[in-house]
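query_11.txt (compact mmCIF, C-alpha atoms and all ligand atoms)
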```txt
# COMPACT_ATOMS: atom_id res chain seq x y z
CA MET A 26 117.14 -3.92 -151.97
CA LYS A 27 116.09 -4.51 -148.35
CA ARG A 28 117.98 -6.89 -146.08
CA ILE A 29 116.88 -9.17 -143.26
CA LEU A 30 120.08 -9.90 -141.36
CA ILE A 31 120.22 -12.87 -138.96
CA ILE A 32 123.12 -13.27 -136.52
CA GLY A 33 123.56 -16.95 -135.55
CA GLY A 34 123.19 -20.09 -137.65
CA GLY A 35 122.03 -22.39 -134.84
CA THR A 36 118.57 -23.88 -134.47
CA ALA A 37 116.65 -20.58 -134.23
CA GLY A 38 118.54 -18.66 -136.92
CA THR A 39 118.44 -21.55 -139.39
CA MET A 40 114.75 -22.35 -138.89
CA LEU A 41 113.80 -18.70 -139.22
CA GLY A 42 116.04 -18.12 -142.26
CA ASN A 43 114.64 -21.16 -144.06
CA LYS A 44 111.03 -20.16 -143.37
CA LEU A 45 111.73 -16.62 -144.61
CA ALA A 46 113.48 -17.89 -147.75
CA LYS A 47 110.43 -20.00 -148.56
CA GLY A 48 107.84 -17.32 -147.79
CA LEU A 49 109.76 -14.59 -149.65
CA ALA A 50 110.97 -16.69 -152.59
CA ASN A 51 109.51 -14.35 -155.22
CA GLU A 52 110.77 -11.21 -153.51
CA ILE A 53 114.28 -12.74 -153.34
CA VAL A 54 114.23 -13.60 -157.08
CA GLU A 55 112.99 -10.07 -157.86
CA THR A 56 115.90 -8.74 -155.72
CA GLU A 57 113.48 -6.80 -153.51
CA ILE A 58 114.83 -8.52 -150.39
CA CYS A 59 117.92 -10.41 -149.36
CA ILE A 60 118.19 -12.76 -146.38
CA THR A 61 121.66 -12.94 -144.89
CA ILE A 62 122.80 -15.25 -142.08
CA ILE A 63 126.06 -14.62 -140.24
CA SER A 64 127.34 -17.79 -138.62
CA GLU A 65 130.64 -18.05 -136.78
CA LYS A 66 130.68 -21.80 -137.50
CA ASP A 67 130.64 -23.54 -140.86
CA TYR A 68 128.69 -26.47 -139.41
CA HIS A 69 125.39 -27.02 -137.63
CA VAL A 70 125.27 -29.20 -134.52
CA TYR A 71 122.18 -30.86 -133.06
CA GLN A 72 122.85 -30.13 -129.38
CA PRO A 73 120.07 -32.32 -127.87
CA GLY A 74 122.11 -35.27 -129.17
CA TYR A 75 124.90 -34.50 -126.65
CA LEU A 76 122.73 -36.24 -124.04
CA TYR A 77 123.27 -39.59 -125.77
CA ILE A 78 127.04 -39.29 -126.40
CA PRO A 79 128.21 -40.45 -122.91
CA PHE A 80 126.07 -43.60 -123.28
CA HIS A 81 127.44 -44.41 -126.78
CA LEU A 82 123.89 -43.97 -128.11
CA LYS A 83 124.92 -41.26 -130.60
CA GLN A 84 128.22 -40.55 -132.32
CA PRO A 85 129.52 -37.04 -133.10
CA GLU A 86 128.96 -37.61 -136.84
CA ASP A 87 125.23 -38.22 -136.15
CA LEU A 88 124.92 -34.69 -134.78
CA ILE A 89 126.94 -32.51 -137.17
CA ARG A 90 126.24 -31.36 -140.74
CA PRO A 91 127.93 -28.74 -142.96
CA ILE A 92 125.94 -25.52 -142.58
CA GLU A 93 125.20 -25.14 -146.34
CA GLN A 94 123.40 -28.48 -146.18
CA VAL A 95 120.82 -27.18 -143.69
CA MET A 96 120.27 -23.73 -145.24
CA ASP A 97 118.02 -22.82 -148.13
CA SER A 98 120.24 -21.95 -151.12
CA LYS A 99 118.41 -18.61 -151.48
CA ILE A 100 120.00 -17.44 -148.21
CA GLU A 101 123.25 -15.47 -148.37
CA LEU A 102 125.51 -17.23 -145.85
CA ILE A 103 128.53 -15.47 -144.35
CA ILE A 104 130.89 -17.46 -142.14
CA ASP A 105 132.23 -14.85 -139.74
CA LYS A 106 131.67 -13.56 -136.23
CA ALA A 107 129.52 -10.48 -135.59
CA VAL A 108 131.46 -8.18 -133.27
CA GLU A 109 129.42 -4.97 -133.23
CA ILE A 110 125.77 -3.98 -133.59
CA ASN A 111 124.77 -0.37 -134.24
CA THR A 112 121.00 -0.07 -133.91
CA VAL A 113 121.07 3.64 -134.84
CA ALA A 114 123.06 3.25 -138.08
CA LYS A 115 121.27 -0.14 -138.53
CA SER A 116 124.47 -2.06 -139.20
CA VAL A 117 126.47 -5.05 -137.98
CA THR A 118 130.27 -5.25 -138.15
CA LEU A 119 132.04 -8.57 -138.64
CA LYS A 120 135.37 -9.76 -137.23
CA LYS A 121 136.99 -9.85 -140.66
CA GLY A 122 136.13 -6.17 -141.10
CA ALA A 123 132.99 -5.95 -143.26
CA THR A 124 130.01 -3.86 -142.13
CA LEU A 125 126.53 -4.92 -143.27
CA SER A 126 123.47 -2.72 -143.13
CA TYR A 127 120.03 -4.10 -142.35
CA ASP A 128 116.35 -3.23 -142.57
CA TYR A 129 115.41 -5.93 -140.05
CA LEU A 130 117.92 -7.49 -137.66
CA ILE A 131 117.39 -10.84 -135.93
CA ILE A 132 119.65 -11.82 -133.05
CA ALA A 133 119.80 -15.62 -132.63
CA THR A 134 123.10 -16.02 -130.81
CA GLY A 135 122.01 -18.67 -128.27
CA SER A 136 123.07 -19.41 -124.69
CA HIS A 137 126.40 -20.73 -123.53
CA PRO A 138 127.59 -22.75 -120.47
CA GLN A 139 130.07 -20.82 -118.32
CA SER A 140 132.24 -23.59 -116.89
CA VAL A 141 135.04 -21.06 -116.26
CA GLU A 142 132.88 -19.52 -113.53
CA ILE A 143 133.16 -22.68 -111.41
CA PRO A 144 136.76 -22.98 -110.16
CA GLY A 145 138.05 -26.56 -110.23
CA LEU A 146 135.34 -27.82 -112.60
CA ASP A 147 137.54 -28.12 -115.68
CA GLU A 148 140.12 -30.06 -113.66
CA ALA A 149 137.90 -32.52 -111.83
CA GLY A 150 134.37 -32.49 -113.25
CA HIS A 151 132.54 -33.30 -116.44
CA ILE A 152 129.81 -31.65 -118.49
CA PHE A 153 127.79 -33.05 -121.38
CA TYR A 154 126.59 -29.70 -122.80
CA GLU A 155 129.45 -29.43 -125.32
CA MET A 156 130.71 -32.03 -127.80
CA ASP A 157 134.32 -32.35 -126.62
CA ARG A 158 133.22 -32.44 -122.97
CA ALA A 159 130.52 -35.04 -123.65
CA LEU A 160 133.18 -37.22 -125.28
CA LYS A 161 135.44 -36.88 -122.21
CA LEU A 162 132.52 -37.85 -119.99
CA ARG A 163 131.93 -40.89 -122.20
CA GLU A 164 135.55 -41.92 -121.66
CA ALA A 165 135.23 -41.43 -117.88
CA MET A 166 132.04 -43.51 -117.84
CA ASP A 167 133.75 -46.26 -119.86
CA HIS A 168 136.20 -46.59 -116.93
CA PHE A 169 133.65 -46.05 -114.14
CA ASP A 170 133.20 -49.09 -111.98
CA GLY A 171 130.92 -47.80 -109.22
CA GLY A 172 131.23 -45.13 -106.53
CA LYS A 173 129.69 -41.77 -105.67
CA VAL A 174 128.14 -39.89 -108.60
CA VAL A 175 127.00 -36.29 -108.24
CA VAL A 176 124.99 -34.42 -110.89
CA ALA A 177 125.09 -30.74 -109.87
CA VAL A 178 123.04 -28.13 -111.70
CA GLY A 179 123.56 -24.37 -112.01
CA LEU A 180 120.86 -21.96 -113.25
CA PRO A 181 119.93 -20.76 -115.78
CA HIS A 182 120.74 -23.33 -118.45
CA LYS A 183 119.31 -24.45 -121.77
CA CYS A 184 117.05 -27.51 -121.93
CA PRO A 185 116.01 -27.38 -118.27
CA VAL A 186 115.00 -31.07 -118.29
CA ALA A 187 118.29 -32.47 -119.70
CA PRO A 188 120.00 -32.88 -116.28
CA LEU A 189 117.00 -34.92 -115.03
CA GLU A 190 117.14 -37.01 -118.20
CA PHE A 191 120.87 -37.64 -117.85
CA THR A 192 120.46 -38.71 -114.21
CA MET A 193 117.65 -41.20 -114.92
CA MET A 194 119.47 -42.56 -117.98
CA PHE A 195 122.65 -42.92 -115.91
CA GLU A 196 120.78 -44.89 -113.24
CA ASP A 197 119.44 -47.30 -115.89
CA TRP A 198 122.88 -47.53 -117.48
CA ALA A 199 124.54 -48.35 -114.10
CA ARG A 200 121.96 -51.13 -113.60
CA GLN A 201 122.58 -52.50 -117.10
CA ARG A 202 126.32 -52.58 -116.42
CA GLY A 203 125.78 -54.41 -113.14
CA ILE A 204 127.36 -51.64 -111.01
CA ARG A 205 124.18 -50.05 -109.59
CA GLU A 206 124.59 -51.69 -106.15
CA LYS A 207 127.98 -50.08 -105.68
CA THR A 208 126.89 -46.69 -107.09
CA GLU A 209 125.36 -43.83 -105.08
CA ILE A 210 123.69 -41.11 -107.15
CA THR A 211 123.01 -37.59 -105.85
CA TYR A 212 121.18 -34.86 -107.76
CA ALA A 213 122.10 -31.40 -106.45
CA TYR A 214 119.80 -28.54 -107.44
CA PRO A 215 119.72 -24.86 -106.37
CA LEU A 216 115.96 -24.72 -105.61
CA ALA A 217 113.62 -26.33 -103.04
CA GLY A 218 113.00 -29.39 -105.25
CA PRO A 219 114.71 -31.07 -108.22
CA TYR A 220 113.08 -28.70 -110.76
CA GLY A 221 111.60 -25.21 -110.96
CA THR A 222 108.07 -26.15 -112.08
CA ALA A 223 105.90 -28.04 -109.55
CA SER A 224 104.53 -30.80 -111.81
CA VAL A 225 107.97 -31.72 -113.22
CA ALA A 226 109.54 -31.54 -109.74
CA GLU A 227 106.85 -33.98 -108.56
CA LEU A 228 107.56 -36.37 -111.41
CA ALA A 229 111.32 -36.24 -110.76
CA THR A 230 110.88 -36.67 -106.99
CA LYS A 231 108.75 -39.77 -107.58
CA GLU A 232 111.09 -41.28 -110.20
CA PHE A 233 114.21 -40.50 -108.13
CA GLY A 234 112.58 -41.90 -104.97
CA GLU A 235 111.72 -45.20 -106.67
CA ARG A 236 115.31 -45.55 -107.92
CA ASP A 237 117.15 -44.50 -104.78
CA ILE A 238 118.58 -41.29 -106.27
CA SER A 239 119.19 -38.72 -103.50
CA ILE A 240 118.19 -35.10 -103.98
CA GLU A 241 120.28 -32.32 -102.41
CA THR A 242 118.17 -29.15 -102.52
CA PHE A 243 119.27 -25.49 -102.27
CA PHE A 244 122.69 -26.52 -103.58
CA MET A 245 124.22 -23.51 -105.33
CA ILE A 246 127.55 -24.61 -106.77
CA ASP A 247 130.48 -22.49 -105.65
CA HIS A 248 133.53 -24.52 -106.65
CA VAL A 249 134.97 -27.98 -107.11
CA ASP A 250 137.83 -29.14 -104.90
CA PRO A 251 139.94 -31.43 -107.11
CA LYS A 252 142.16 -32.54 -104.18
CA THR A 253 139.40 -33.83 -101.91
CA LYS A 254 137.10 -34.66 -104.85
CA GLU A 255 134.19 -32.65 -103.47
CA VAL A 256 131.78 -30.19 -105.05
CA VAL A 257 131.17 -27.32 -102.65
CA SER A 258 128.07 -25.11 -102.41
CA MET A 259 127.95 -21.41 -101.57
CA ASP A 260 126.85 -22.25 -98.02
CA GLY A 261 129.78 -24.64 -97.56
CA THR A 262 127.96 -27.98 -98.07
CA ARG A 263 130.44 -30.49 -99.50
CA LEU A 264 129.38 -33.44 -101.66
CA PRO A 265 132.10 -36.06 -102.23
CA PHE A 266 132.26 -37.68 -105.67
CA ASP A 267 134.05 -40.28 -107.74
CA LEU A 268 132.32 -39.00 -110.88
CA LEU A 269 131.04 -35.42 -111.07
CA VAL A 270 128.73 -34.13 -113.81
CA VAL A 271 127.97 -30.40 -113.70
CA ILE A 272 125.56 -28.33 -115.75
CA PRO A 273 127.17 -24.88 -115.43
CA PRO A 274 125.00 -21.74 -115.36
CA HIS A 275 124.64 -20.22 -118.83
CA LYS A 276 124.97 -16.69 -120.19
CA GLY A 277 124.02 -15.05 -123.46
CA SER A 278 126.64 -14.74 -126.20
CA ASP A 279 129.76 -12.62 -125.68
CA LEU A 280 128.52 -10.39 -128.55
CA VAL A 281 125.39 -9.45 -126.59
CA ARG A 282 127.40 -8.86 -123.44
CA GLU A 283 129.99 -6.75 -125.28
CA VAL A 284 127.58 -4.50 -127.25
CA GLY A 285 125.59 -3.72 -124.10
CA LEU A 286 122.12 -4.50 -125.48
CA GLY A 287 121.34 -7.15 -122.85
CA ASP A 288 121.24 -7.51 -119.07
CA SER A 289 124.16 -8.65 -116.90
CA GLY A 290 123.62 -12.28 -117.98
CA GLY A 291 123.70 -11.28 -121.64
CA TRP A 292 119.95 -11.94 -122.15
CA LEU A 293 118.12 -9.59 -124.49
CA PRO A 294 114.94 -7.89 -123.19
CA VAL A 295 112.11 -8.60 -125.63
CA ASP A 296 108.37 -8.20 -125.92
CA ARG A 297 107.06 -11.67 -124.93
CA HIS A 298 104.52 -11.74 -127.77
CA LYS A 299 106.11 -9.77 -130.63
CA LEU A 300 109.73 -10.81 -129.86
CA ASN A 301 111.11 -7.39 -130.78
CA LEU A 302 114.00 -5.99 -128.77
CA GLU A 303 112.71 -3.54 -126.17
CA ASN A 304 112.16 -0.08 -127.76
CA LYS A 305 113.14 -1.31 -131.25
CA GLU A 306 110.64 -2.15 -133.97
CA ASP A 307 113.26 -3.42 -136.45
CA VAL A 308 115.32 -5.70 -134.18
CA PHE A 309 114.00 -9.12 -133.10
CA VAL A 310 115.39 -11.89 -130.90
CA VAL A 311 114.68 -15.59 -131.32
CA GLY A 312 115.75 -18.74 -129.46
CA ASP A 313 117.85 -18.95 -126.30
CA ALA A 314 119.13 -15.35 -126.53
CA THR A 315 115.91 -13.76 -125.13
CA ASN A 316 115.26 -12.90 -121.48
CA LEU A 317 111.85 -14.65 -121.62
CA PRO A 318 110.98 -16.71 -118.51
CA ILE A 319 110.40 -19.88 -120.55
CA SER A 320 112.59 -22.89 -121.36
CA LYS A 321 115.61 -22.24 -123.52
CA ALA A 322 114.87 -25.08 -125.93
CA GLY A 323 114.94 -25.95 -129.60
CA SER A 324 111.15 -26.26 -129.53
CA THR A 325 110.87 -22.71 -128.18
CA ALA A 326 113.03 -21.57 -131.11
CA HIS A 327 110.76 -23.56 -133.43
CA PHE A 328 107.48 -22.02 -132.22
CA GLU A 329 108.94 -18.52 -131.96
CA SER A 330 110.40 -18.70 -135.47
CA GLU A 331 107.02 -19.72 -136.90
CA ILE A 332 105.39 -16.55 -135.56
CA LEU A 333 108.31 -14.27 -136.34
CA ALA A 334 108.68 -15.58 -139.90
CA GLU A 335 105.01 -14.95 -140.67
CA ASN A 336 105.18 -11.46 -139.22
CA LEU A 337 108.35 -10.53 -141.13
CA ILE A 338 107.00 -11.95 -144.39
CA ASP A 339 103.88 -9.81 -143.91
CA LYS A 340 105.93 -6.70 -143.12
CA VAL A 341 108.08 -7.14 -146.25
CA LYS A 342 104.85 -7.46 -148.26
CA GLY A 343 103.49 -4.25 -146.75
CA LEU A 344 101.06 -5.95 -144.33
CA SER A 345 100.93 -5.39 -140.58
CA GLY A 346 102.41 -8.71 -139.35
CA ASN A 347 100.99 -8.89 -135.86
CA ARG A 348 100.72 -12.56 -134.90
CA ARG A 349 101.61 -13.12 -131.26
CA TYR A 350 103.83 -15.80 -129.72
CA ASN A 351 101.98 -17.39 -126.78
CA GLY A 352 104.99 -18.90 -125.00
CA LYS A 353 104.46 -22.38 -126.46
CA VAL A 354 107.13 -24.98 -125.58
CA PHE A 355 107.17 -28.76 -126.04
CA CYS A 356 109.82 -30.97 -124.43
CA PHE A 357 110.37 -34.71 -124.33
CA ILE A 358 111.88 -36.04 -121.09
CA GLU A 359 113.77 -39.36 -121.12
CA THR A 360 113.04 -41.13 -117.81
CA GLY A 361 115.61 -43.84 -118.47
CA LEU A 362 117.15 -45.62 -121.44
CA HIS A 363 113.81 -47.04 -122.62
CA LYS A 364 111.03 -44.75 -121.37
CA ALA A 365 110.11 -41.08 -121.72
CA THR A 366 107.39 -38.57 -120.99
CA TYR A 367 106.73 -35.11 -122.44
CA ILE A 368 105.52 -31.68 -121.39
CA SER A 369 103.73 -29.05 -123.42
CA PHE A 370 103.00 -25.62 -121.99
CA ASP A 371 102.70 -21.91 -122.69
CA TYR A 372 102.48 -18.59 -120.84
CA ASP A 373 99.03 -19.45 -119.47
CA ASN A 374 99.06 -23.25 -119.13
CA PRO A 375 101.63 -25.01 -116.92
CA PRO A 376 103.14 -28.38 -117.95
CA LYS A 377 101.50 -31.69 -116.97
CA PRO A 378 103.85 -34.63 -117.69
CA VAL A 379 102.15 -37.80 -118.98
CA THR A 380 102.94 -41.24 -117.53
CA PRO A 381 106.35 -42.32 -118.89
CA SER A 382 106.14 -44.98 -121.61
CA LYS A 383 108.19 -46.76 -124.26
CA MET A 384 106.02 -45.16 -126.92
CA VAL A 385 107.04 -41.61 -125.93
CA HIS A 386 110.68 -42.74 -125.84
CA TYR A 387 110.36 -43.90 -129.47
CA ALA A 388 108.62 -40.61 -130.33
CA LYS A 389 111.62 -38.72 -128.93
CA ALA A 390 113.99 -40.89 -130.99
CA ALA A 391 111.94 -40.07 -134.11
CA TYR A 392 111.99 -36.36 -133.21
CA ASN A 393 115.79 -36.49 -132.82
CA SER A 394 116.16 -37.97 -136.31
CA GLY A 395 113.58 -35.50 -137.69
CA HIS A 396 115.63 -32.48 -136.60
CA TRP A 397 117.23 -32.08 -140.02
CA VAL A 398 113.83 -31.89 -141.71
CA ASN A 399 112.49 -29.66 -138.95
CA LEU A 400 115.37 -27.23 -139.54
CA LYS A 401 114.30 -26.80 -143.16
CA GLY A 402 111.21 -25.04 -141.85
CA ILE A 403 108.75 -27.38 -143.50
CA MET A 404 107.32 -29.01 -140.35
C1 LIG B 501 122.50 -31.43 -123.80
C2 LIG B 501 121.39 -30.64 -124.44
C3 LIG B 501 120.15 -31.23 -124.60
C4 LIG B 501 119.10 -30.52 -125.19
N1 LIG B 501 117.90 -31.14 -125.36
C5 LIG B 501 116.89 -30.47 -125.95
C6 LIG B 501 115.65 -31.11 -126.20
O1 LIG B 501 115.48 -32.31 -125.92
N2 LIG B 501 114.65 -30.39 -126.76
C7 LIG B 501 114.82 -29.07 -127.09
O2 LIG B 501 113.86 -28.47 -127.61
N3 LIG B 501 115.98 -28.43 -126.88
C8 LIG B 501 117.03 -29.09 -126.33
N4 LIG B 501 118.24 -28.47 -126.13
C9 LIG B 501 118.34 -27.00 -126.32
C10 LIG B 501 118.55 -26.56 -127.76
O3 LIG B 501 119.67 -27.19 -128.33
C11 LIG B 501 118.75 -25.05 -127.76
O4 LIG B 501 117.73 -24.45 -127.01
C12 LIG B 501 118.71 -24.51 -129.18
O5 LIG B 501 119.85 -24.96 -129.86
C13 LIG B 501 118.63 -22.99 -129.17
O6 LIG B 501 118.77 -22.51 -130.46
P1 LIG B 501 119.49 -21.09 -130.69
O7 LIG B 501 119.55 -20.91 -132.16
O8 LIG B 501 118.88 -20.06 -129.84
O9 LIG B 501 120.97 -21.30 -130.14
P2 LIG B 501 122.08 -22.22 -130.78
O10 LIG B 501 121.48 -23.37 -131.47
O11 LIG B 501 123.09 -22.46 -129.71
O12 LIG B 501 122.71 -21.30 -131.91
C14 LIG B 501 123.34 -20.07 -131.65
C15 LIG B 501 124.34 -19.87 -132.77
O13 LIG B 501 124.80 -18.51 -132.77
C16 LIG B 501 126.17 -18.52 -133.07
N5 LIG B 501 126.75 -17.25 -132.62
C17 LIG B 501 126.83 -16.79 -131.36
N6 LIG B 501 127.42 -15.58 -131.34
C18 LIG B 501 127.70 -15.27 -132.63
C19 LIG B 501 128.32 -14.15 -133.26
N7 LIG B 501 128.77 -13.11 -132.55
N8 LIG B 501 128.45 -14.16 -134.61
C20 LIG B 501 128.02 -15.22 -135.36
N9 LIG B 501 127.42 -16.32 -134.81
C21 LIG B 501 127.27 -16.32 -133.46
C22 LIG B 501 126.69 -19.76 -132.32
O14 LIG B 501 127.93 -20.18 -132.83
C23 LIG B 501 125.58 -20.74 -132.60
O15 LIG B 501 125.82 -21.44 -133.81
C24 LIG B 501 119.32 -29.17 -125.59
C25 LIG B 501 120.58 -28.60 -125.47
C26 LIG B 501 121.62 -29.32 -124.88
C27 LIG B 501 122.98 -28.70 -124.77
```
Once more with this new file: its structure as structure tokens, please.
Ligand SMILES: Cc1cc2nc3c(=O)[nH]c(=O)nc-3n(C[C@H](O)[C@H](O)[C@H](O)COP(=O)(O)OP(=O)(O)OC[C@H]3O[C@@H](n4cnc5c(N)ncnc54)[C@H](O)[C@@H]3O)c2cc1C
Amino acid sequence: MKRILIIGGGTAGTMLGNKLAKGLANEIVETEICITIISEKDYHVYQPGYLYIPFHLKQPEDLIRPIEQVMDSKIELIIDKAVEINTVAKSVTLKKGATLSYDYLIIATGSHPQSVEIPGLDEAGHIFYEMDRALKLREAMDHFDGGKVVVAVGLPHKCPVAPLEFTMMFEDWARQRGIREKTEITYAYPLAGPYGTASVAELATKEFGERDISIETFFMIDHVDPKTKEVVSMDGTRLPFDLLVVIPPHKGSDLVREVGLGDSGGWLPVDRHKLNLENKEDVFVVGDATNLPISKAGSTAHFESEILAENLIDKVKGLSGNRRYNGKVFCFIETGLHKATYISFDYDNPPKPVTPSKMVHYAKAAYNSGHWVNLKGIM
């Protein structure tokens, strides 16, 4: 019996596994193929929901489900951590000791904020990219009564638009609480504008300008000084804060960094259309773990997994399986608590945000609730 082995039970691994289980249902019953997912966690978390936690707009229980609930029952699920990959022997070793062989390997191990790389951050700053940290930020905001707020962004990070969303939502929230007049908001970004793509940078510059949110450009975070309550850039610029929210730069998983298949950031080099690991025809990468120059986003994982699932199903059935991923990404952008816009783009067509509206905000809310259906691979 052949095995498709997926490492990572997050958005990409789950969507891909579910699509494969559906497309290869007969082959699984006939024991021609087995689909195995290795997940270090026994639960699935909807990370885009972290954005809403500090504002009390989502609760942790809205975002977490037991992993068996989101996986097709035809998938063999192993709760363990992959610690070694041998692409010559075609095997993966798990922390508890087992070694599994594979015919096709999929690496879907995600991207991870590196707050430890910013000295002082854990002591004096907040992040909303992890559940426990988002809850601490919520507590800090509950007690916030005005002052200097700095949102400082490090690159690269998943969901490139989330820091913009948080900042615009925070501004609305401060107004709603009646503390906007005594609150100064600064958005500190490492590039020449508040975003890396021109059209989104333009949108953010306009929205920030209208709401009196300052932009500090070329701000590469070096450290946080908990004594003086300042965030300090590599060139020595110091931004004082009463409330600091940082999006730390991300890296690939420690597995990728330890097995030496990726670059220094732990990103895996892949063919941008076929998604196979460089020089390997039987190893594929899906979701945030790739080195592709596109957004690390759930929607990227969604569109990639569609292509990869069809190709793998074809290959198992003896067909060629040569559909190509075109870099498609779709992202909603909250521009406050009640309005949103969206961007859709691919390798050849840059994003063009639409005018923010209530309707798009409601569409994002519907998309958030639809995640659990989306994961099943039926949308
Ligand atoms: C605040 C925030 C807002 C966001 N907003 C949006 C949005 O609006 N729209 C959007 O499209 N995306 C958004 N995203 C991004 C989206 O959540 C990620 O891009 C998506 O989850 C990537 O899926 P993935 O499977 O690659 O990684 P993940 O979902 O992170 O899954 C990786 C999984 O691999 C597991 N793993 C890692 N190493 C191992 C190992 N050695 N062994 C076993 N398992 C392992 C991890 O535990 C994890 O479960 C947001 C993210 C955040 C944090």
Inset, instruction - Pick out the closest residue to Glu235 of chain A from this set: A:Thr360, A:Asn399, A:Thr124, A:Ser320. Count all atoms listed in the file. - result: A:Thr360
Kindly provide the residues of chain A that approach ligand LIG 501 (chain B) to within 7 Å, each paired with its closest atom pair and their distance in Å to one decimal, based on all atoms listed in the file, listed by chain and increasing number, as a Markdown table.
```
| residue | atom | partner | partner_atom | distance |
| --- | --- | --- | --- | --- |
| A:Ile32 | CA | B:LIG501 | C20 | 5.4 |
| A:Gly33 | CA | B:LIG501 | O13 | 3.4 |
| A:Gly34 | CA | B:LIG501 | O15 | 4.8 |
| A:Gly35 | CA | B:LIG501 | O12 | 3.2 |
| A:Thr36 | CA | B:LIG501 | O7 | 3.9 |
| A:Ala37 | CA | B:LIG501 | O7 | 3.6 |
| A:Gly38 | CA | B:LIG501 | O7 | 5.4 |
| A:Ile63 | CA | B:LIG501 | C20 | 5.3 |
| A:Ser64 | CA | B:LIG501 | N9 | 4.1 |
| A:Glu65 | CA | B:LIG501 | C20 | 4.1 |
| A:Lys66 | CA | B:LIG501 | O14 | 5.7 |
| A:His69 | CA | B:LIG501 | O15 | 6.8 |
| A:Tyr71 | CA | B:LIG501 | O3 | 6.5 |
| A:Gln72 | CA | B:LIG501 | O3 | 4.5 |
| A:Pro73 | CA | B:LIG501 | C4 | 3.4 |
| A:Gly74 | CA | B:LIG501 | C3 | 6.4 |
| A:Tyr75 | CA | B:LIG501 | C1 | 4.8 |
| A:Leu76 | CA | B:LIG501 | C1 | 4.8 |
| A:Asp105 | CA | B:LIG501 | C20 | 6.1 |
| A:Lys106 | CA | B:LIG501 | N8 | 3.7 |
| A:Ala107 | CA | B:LIG501 | N8 | 4.0 |
| A:Val108 | CA | B:LIG501 | N7 | 5.7 |
| A:Ala133 | CA | B:LIG501 | O7 | 5.3 |
| A:Thr134 | CA | B:LIG501 | O13 | 3.6 |
| A:Gly135 | CA | B:LIG501 | O9 | 3.4 |
| A:Ser136 | CA | B:LIG501 | O11 | 5.9 |
| A:Phe153 | CA | B:LIG501 | C1 | 6.0 |
| A:Tyr154 | CA | B:LIG501 | C27 | 4.2 |
| A:Glu155 | CA | B:LIG501 | C27 | 6.5 |
| A:Lys183 | CA | B:LIG501 | C9 | 5.3 |
| A:Cys184 | CA | B:LIG501 | N4 | 4.5 |
| A:Ala187 | CA | B:LIG501 | C3 | 5.4 |
| A:Ser278 | CA | B:LIG501 | N6 | 5.3 |
| A:Asp279 | CA | B:LIG501 | N6 | 6.8 |
| A:Leu280 | CA | B:LIG501 | N7 | 4.8 |
| A:Val311 | CA | B:LIG501 | O8 | 6.3 |
| A:Gly312 | CA | B:LIG501 | O8 | 3.4 |
| A:Asp313 | CA | B:LIG501 | O8 | 3.9 |
| A:Ala314 | CA | B:LIG501 | O8 | 5.8 |
| A:Lys321 | CA | B:LIG501 | O4 | 4.6 |
| A:Ala322 | CA | B:LIG501 | O4 | 3.1 |
| A:Gly323 | CA | B:LIG501 | O2 | 3.4 |
| A:Ser324 | CA | B:LIG501 | O2 | 4.0 |
| A:Thr325 | CA | B:LIG501 | O2 | 6.5 |
| A:Ala326 | CA | B:LIG501 | O6 | 5.9 |
| A:Phe355 | CA | B:LIG501 | O2 | 6.9 |
| A:Cys356 | CA | B:LIG501 | N2 | 5.4 |
| A:Phe357 | CA | B:LIG501 | O1 | 5.9 |
```
Inset, instruction - Just the residues within 10 Å of Thr230 of chain A, please, counting only C-alpha atoms, with nothing from its chain fewer than 4 positions along; format it as number ranges by chain. - result: A: 218-220, 224-226, 234-236, 238-240
Each residue of segment 57-141 of chain A with at least one atom at most 10 Å from segment 332-341 of chain A should appear once, together with its nearest atom pair and the corresponding distance in Å (one decimal); atoms considered: all atoms listed in the file; ordering: chain, then increasing residue number; output as a Markdown table.
```
| residue | atom | partner | partner_atom | distance |
| --- | --- | --- | --- | --- |
| A:Glu57 | CA | A:Val341 | CA | 9.1 |
| A:Ile58 | CA | A:Val341 | CA | 8.0 |
| A:Asp128 | CA | A:Val341 | CA | 9.9 |
| A:Tyr129 | CA | A:Leu337 | CA | 8.5 |
| A:Ile131 | CA | A:Leu333 | CA | 9.7 |
```
Inset, instruction - May I ask which of the residues A:Ala114, A:Ala388, A:Ala149, A:Val186 is the closest one to Tyr127 of chain A, counting only C-alpha atoms? - result: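 Nearest candidate to Tyr127 of chain A out of A:Ala114, A:Ala388, A:Ala149, A:Val186: A:Ala114.
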Inset, instruction - Would you list the contacts of Gly290 of chain A as number ranges by chain, taking every protein, DNA or RNA residue within 8 Å and counting all atoms listed in the file, but skipping same-chain residues closer than 6 positions in sequence? - result: A: 276-277, 282
Inset, instruction - May I ask which of the residues A:Met40, A:Val70, A:Leu268, A:Ile78 is the closest one to Arg90 of chain A, counting only C-alpha atoms? - result: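 Residue with the minimum atom-to-atom distance to Arg90 of chain A: A:Val70.
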Inset, instruction - Enter the distance from atom CA of His168 of chain A to atom CA of Thr208 of chain A, in Å, rounded to one decimal. - result: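 A separation of 13.5 Å between them.
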